[in-house]
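> Contents of target_10.cif (mmCIF, C-alpha atoms) are below:
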```
data_entry
loop_
_atom_site.label_atom_id
_atom_site.label_comp_id
_atom_site.auth_asym_id
_atom_site.auth_seq_id
_atom_site.Cartn_x
_atom_site.Cartn_y
_atom_site.Cartn_z
CA MET E 1 -8.41 -13.66 12.82
CA LYS E 2 -5.59 -11.65 14.31
CA ALA E 3 -2.73 -10.49 12.10
CA LYS E 4 -0.41 -7.78 13.34
CA LEU E 5 1.75 -5.57 11.15
CA GLN E 6 5.43 -5.76 11.99
CA ALA E 7 8.39 -4.14 10.32
CA ALA E 8 9.76 -6.57 7.76
CA THR E 9 13.34 -7.76 7.94
CA ALA E 10 15.72 -9.21 5.37
CA ASP E 11 14.44 -12.65 6.44
CA ASP E 12 10.98 -11.71 5.10
CA VAL E 13 12.08 -10.58 1.64
CA ALA E 14 11.73 -13.88 -0.26
CA GLU E 15 8.24 -14.44 1.15
CA LEU E 16 7.20 -10.86 0.34
CA VAL E 17 8.36 -11.34 -3.26
CA LEU E 18 6.12 -14.41 -3.54
CA LEU E 19 3.15 -12.59 -1.99
CA ARG E 20 3.45 -9.47 -4.17
CA ASN E 21 3.97 -11.49 -7.34
CA ALA E 22 0.95 -13.67 -6.57
CA VAL E 23 -1.17 -10.52 -6.26
CA SER E 24 0.30 -9.11 -9.48
CA GLU E 25 -0.52 -12.32 -11.35
CA GLN E 26 -4.04 -12.39 -9.91
CA LEU E 27 -4.73 -8.80 -11.00
CA THR E 28 -3.28 -9.40 -14.45
CA THR E 29 -5.42 -12.53 -14.90
CA GLN E 30 -8.53 -10.70 -13.74
CA PHE E 31 -8.02 -7.29 -15.39
CA GLY E 32 -5.39 -7.76 -18.11
CA ASP E 33 -1.98 -6.13 -18.38
CA GLY E 34 -1.39 -2.87 -16.57
CA HIS E 35 1.05 -1.24 -14.20
CA TRP E 36 -0.06 -3.79 -11.61
CA SER E 37 1.46 -6.52 -13.82
CA PHE E 38 5.08 -5.90 -12.86
CA HIS E 39 6.98 -8.51 -10.91
CA THR E 40 8.72 -7.64 -7.67
CA THR E 41 12.29 -8.75 -7.06
CA GLN E 42 14.23 -9.31 -3.87
CA ASN E 43 16.50 -6.39 -4.80
CA GLY E 44 13.44 -4.18 -5.25
CA ILE E 45 12.13 -4.96 -1.78
CA LEU E 46 15.58 -4.58 -0.21
CA PHE E 47 15.91 -1.16 -1.85
CA THR E 48 12.47 -0.14 -0.60
CA MET E 49 13.48 -1.21 2.91
CA LYS E 50 16.36 1.30 2.74
CA VAL E 51 14.12 4.29 1.94
CA ALA E 52 10.84 3.33 3.66
CA THR E 53 9.39 0.95 6.22
CA VAL E 54 7.97 -2.25 4.78
CA TYR E 55 5.51 -4.03 7.04
CA VAL E 56 4.32 -7.61 6.95
CA ALA E 57 1.18 -9.12 8.48
CA ARG E 58 1.45 -12.78 9.41
CA TYR E 59 -1.02 -15.47 10.30
CA ARG E 60 0.46 -18.64 11.78
CA ASN E 61 3.94 -17.58 10.62
CA ARG E 62 2.81 -17.06 7.02
CA ALA E 63 2.91 -13.63 5.35
CA ILE E 64 -0.63 -12.73 4.31
CA ALA E 65 -0.28 -8.99 3.67
CA THR E 66 2.28 -6.26 3.28
CA LEU E 67 2.29 -2.50 3.07
CA THR E 68 4.91 0.21 2.87
CA LEU E 69 4.91 3.56 4.67
CA SER E 70 7.30 6.35 3.81
CA THR E 71 8.00 9.93 4.81
CA ARG E 72 9.27 10.55 1.27
CA LYS E 73 6.69 11.76 -1.23
CA PRO E 74 6.38 9.37 -4.18
CA TRP E 75 7.13 10.91 -7.58
CA ALA E 76 3.55 10.39 -8.84
CA ILE E 77 1.98 12.44 -6.04
CA ASP E 78 1.39 16.13 -6.68
CA LYS E 79 1.22 17.98 -3.34
CA LYS E 80 -1.10 20.68 -4.72
CA TYR E 81 -4.06 18.30 -4.29
CA PHE E 82 -3.55 17.93 -0.55
CA GLY E 83 -4.14 20.23 2.40
CA GLU E 84 -1.52 21.42 4.85
CA SER E 85 0.20 18.71 6.83
CA LYS E 86 3.12 18.89 9.21
CA GLY E 87 4.22 15.33 8.64
CA PRO E 88 2.32 13.14 6.20
CA LEU E 89 3.15 9.50 5.68
CA TYR E 90 2.72 7.97 2.25
CA LEU E 91 1.26 4.52 1.76
CA THR E 92 3.29 3.55 -1.29
CA SER E 93 2.23 -0.06 -1.74
CA MET E 94 -0.09 -2.63 -0.26
CA ALA E 95 -0.87 -6.24 -1.11
CA VAL E 96 -3.06 -8.89 0.49
CA ALA E 97 -2.41 -12.52 -0.49
CA PRO E 98 -5.07 -13.81 -2.89
CA GLY E 99 -6.45 -16.40 -0.44
CA TRP E 100 -6.86 -13.71 2.23
CA GLN E 101 -8.62 -11.00 0.25
CA ARG E 102 -12.17 -9.96 1.21
CA LYS E 103 -11.70 -11.35 4.73
CA GLY E 104 -10.94 -8.08 6.53
CA VAL E 105 -7.15 -8.39 6.37
CA GLY E 106 -6.73 -5.23 4.28
CA ARG E 107 -8.93 -3.17 6.60
CA LEU E 108 -7.05 -4.53 9.59
CA CYS E 109 -3.76 -3.49 7.98
CA ILE E 110 -5.06 0.03 7.27
CA ALA E 111 -6.29 0.35 10.88
CA GLN E 112 -2.87 -0.68 12.14
CA ALA E 113 -1.13 1.65 9.67
CA ARG E 114 -3.24 4.48 11.08
CA GLU E 115 -2.00 3.64 14.60
CA ILE E 116 1.61 3.41 13.38
CA ALA E 117 1.23 6.82 11.72
CA ARG E 118 -0.15 8.40 14.89
CA GLN E 119 2.83 7.09 16.85
CA TRP E 120 5.30 8.21 14.15
CA PRO E 121 3.98 11.05 14.71
CA SER E 122 2.15 11.93 11.55
CA ASP E 123 -1.02 13.89 10.93
CA ALA E 124 -2.06 12.28 7.62
CA ILE E 125 -1.67 9.25 5.39
CA ARG E 126 -1.64 9.92 1.67
CA LEU E 127 -1.65 7.63 -1.34
CA ASP E 128 -2.43 7.32 -4.98
CA ALA E 129 -4.42 4.48 -6.54
CA TYR E 130 -5.01 3.53 -10.15
CA ASP E 131 -8.33 4.81 -11.43
CA ALA E 132 -9.05 1.46 -13.03
CA ALA E 133 -10.87 -1.74 -12.20
CA ALA E 134 -7.62 -3.13 -10.76
CA GLY E 135 -7.16 -0.03 -8.58
CA GLY E 136 -8.03 0.02 -4.91
CA GLY E 137 -10.09 3.22 -4.88
CA GLU E 138 -13.28 1.73 -3.47
CA PHE E 139 -11.31 -0.17 -0.83
CA TYR E 140 -9.56 2.99 0.35
CA ARG E 141 -12.86 4.89 0.52
CA LYS E 142 -14.35 2.13 2.70
CA CYS E 143 -11.30 2.38 4.99
CA GLY E 144 -11.93 6.08 5.63
CA PHE E 145 -9.71 7.78 3.06
CA ARG E 146 -11.21 10.70 1.19
CA GLU E 147 -10.57 11.44 -2.44
CA VAL E 148 -8.73 14.74 -2.85
CA GLY E 149 -8.01 14.75 -6.57
CA ARG E 150 -7.57 12.99 -9.85
CA THR E 151 -4.76 13.24 -12.33
CA SER E 152 -2.85 11.29 -14.93
CA TYR E 153 0.74 10.20 -14.50
CA ARG E 154 2.53 8.67 -17.49
CA ASN E 155 -0.85 8.05 -19.14
CA ASN E 156 -2.20 6.27 -16.05
CA PRO E 157 -5.26 7.79 -14.41
CA LEU E 158 -4.71 8.16 -10.67
CA ILE E 159 -6.89 9.03 -7.70
CA TYR E 160 -5.26 10.78 -4.76
CA PHE E 161 -6.51 9.85 -1.30
CA GLU E 162 -5.85 11.25 2.15
CA MET E 163 -6.74 10.23 5.68
CA LEU E 164 -6.29 12.92 8.31
CA LEU E 165 -5.30 11.64 11.73
#
```
Give the structure from the file, written as C-alpha cells.

Amino acid sequence: MKAKLQAATADDVAELVLLRNAVSEQLTTQFGDGHWSFHTTQNGILFTMKVATVYVARYRNRAIATLTLSTRKPWAIDKKYFGESKGPLYLTSMAVAPGWQRKGVGRLCIAQAREIARQWPSDAIRLDAYDAAAGGGEFYRKCGFREVGRTSYRNNPLIYFEMLL
C-alpha cells in the first residue's frame, strides 16, 4: 500500500473533518470520554492551516490519514524537557482512519514526516501524547521517538517525545 503525504488544501477540509471525527468517536467508544473526544470543525482545520502545515495521506483518492507539522511550539509543551535544537518541528496532531489503523499507515506517515522535516530543514520532531490508554505513546516509541519527559497539563498527564534528525 502506497500513501503519500501531501499538503492539504481547502478542498480537503470537509474530508479531514470526517476522518478526525471518526477517530475521535472510535477513541471515545473504546476508552470513554477524554480530551480525544472533541469534534473537529471545518473552521478549526482552516485555522490550523493558517498557522501550520496540515498533511493528508490518500489511498485511491480517499483520505486515510492526516498529520500537522508546525514550527510554532504548542502551548502544552515545556521546552525545558528537550535538548538544544536549531529548528524543531512540532507534530501537533495525527489521525489514521479507523479502517486503516494497524496496517502500517501511521508508520508510513511518520517516516514521510521525518523526510519532510529534514527538507524543511529541521533537526528534530517533538510532540506530546496523552499518558492514557487512548494516547499514542507506544506507537511513537515504535516509530523511533524517545521519551524525554512527563508532565501534567490542565490535569492531563502527558508524555513528551522527540526524534532527532
> Quick one: apply the PyMOL selection byres ((chain E and resi 19) around 8) to the file and drop the selected residues here as an MDAnalysis selection string.
chainID E and resid 15:18 20:23 63:65 95:97
> At most 12 Å is the cut-off: for each residue in segment 3-60 of chain E with any atom that close to an atom of segment 74-77 of chain E, write down the nearest atom pair and the distance in Å rounded to one decimal, counting only C-alpha atoms, chain first then increasing number, as CSV.

```
residue,atom,partner,partner_atom,distance
E:Thr48,CA,E:Pro74,CA,11.8
E:Val51,CA,E:Pro74,CA,11.1
E:Ala52,CA,E:Pro74,CA,10.9
```
> Let me know the residues the PyMOL selection byres ((chain E and resi 111) around 12) catches in the file above, as a PyMOL selection string.
chain E and resi 3-5+67+104-110+112-118+125+140+142-145+163+165
> Would you put the residues from that selection into a file with C-alpha atoms, as a short mmCIF file (atom, residue, chain, number, x, y, z; two decimals), in the coordinates of the input?

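As a result, selection_14.cif now contains:
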```
data_model
loop_
_atom_site.label_atom_id
_atom_site.label_comp_id
_atom_site.auth_asym_id
_atom_site.auth_seq_id
_atom_site.Cartn_x
_atom_site.Cartn_y
_atom_site.Cartn_z
CA ALA E 3 -2.73 -10.49 12.10
CA LYS E 4 -0.41 -7.78 13.34
CA LEU E 5 1.75 -5.57 11.15
CA LEU E 67 2.29 -2.50 3.07
CA GLY E 104 -10.94 -8.08 6.53
CA VAL E 105 -7.15 -8.39 6.37
CA GLY E 106 -6.73 -5.23 4.28
CA ARG E 107 -8.93 -3.17 6.60
CA LEU E 108 -7.05 -4.53 9.59
CA CYS E 109 -3.76 -3.49 7.98
CA ILE E 110 -5.06 0.03 7.27
CA GLN E 112 -2.87 -0.68 12.14
CA ALA E 113 -1.13 1.65 9.67
CA ARG E 114 -3.24 4.48 11.08
CA GLU E 115 -2.00 3.64 14.60
CA ILE E 116 1.61 3.41 13.38
CA ALA E 117 1.23 6.82 11.72
CA ARG E 118 -0.15 8.40 14.89
CA ILE E 125 -1.67 9.25 5.39
CA TYR E 140 -9.56 2.99 0.35
CA LYS E 142 -14.35 2.13 2.70
CA CYS E 143 -11.30 2.38 4.99
CA GLY E 144 -11.93 6.08 5.63
CA PHE E 145 -9.71 7.78 3.06
CA MET E 163 -6.74 10.23 5.68
CA LEU E 165 -5.30 11.64 11.73
#
```
> Using all atoms listed in the file, find the one residue out of E:Ile45, E:Ala7, E:Ala124, E:Ala129 that sits nearest to Ser85 of chain E.
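The shortest atom-to-atom distance to Ser85 of chain E comes from E:Ala124.
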> Would you compute the box with edges along x, y and z of the file around segment 8-17 of chain E, including every atom the file lists for it and 3 Å extra on each side, and give its centre and edge lengths in Å to one decimal, as AutoDock Vina command-line options?

```
--center_x 11.5 --center_y -10.5 --center_z 2.3 --size_x 14.5 --size_y 13.9 --size_z 17.2
```
> Which one is closest to Val54 of chain E: E:Asp12, E:Glu25, E:Asp33, E:Asp78? Count all atoms listed in the file.
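Checking each candidate against Val54 of chain E, we get E:Asp12 as the closest.
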> Work out how far apart atom CA of Tyr81 of chain E and atom CA of Arg154 of chain E are and give it in Å to one decimal.
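The value is 17.6 Å.
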> Could you check how far atom CA of Thr41 of chain E sits from atom CA of Thr29 of chain E, in Å to one decimal?
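Rounded to one decimal, the two atoms are 19.7 Å apart.
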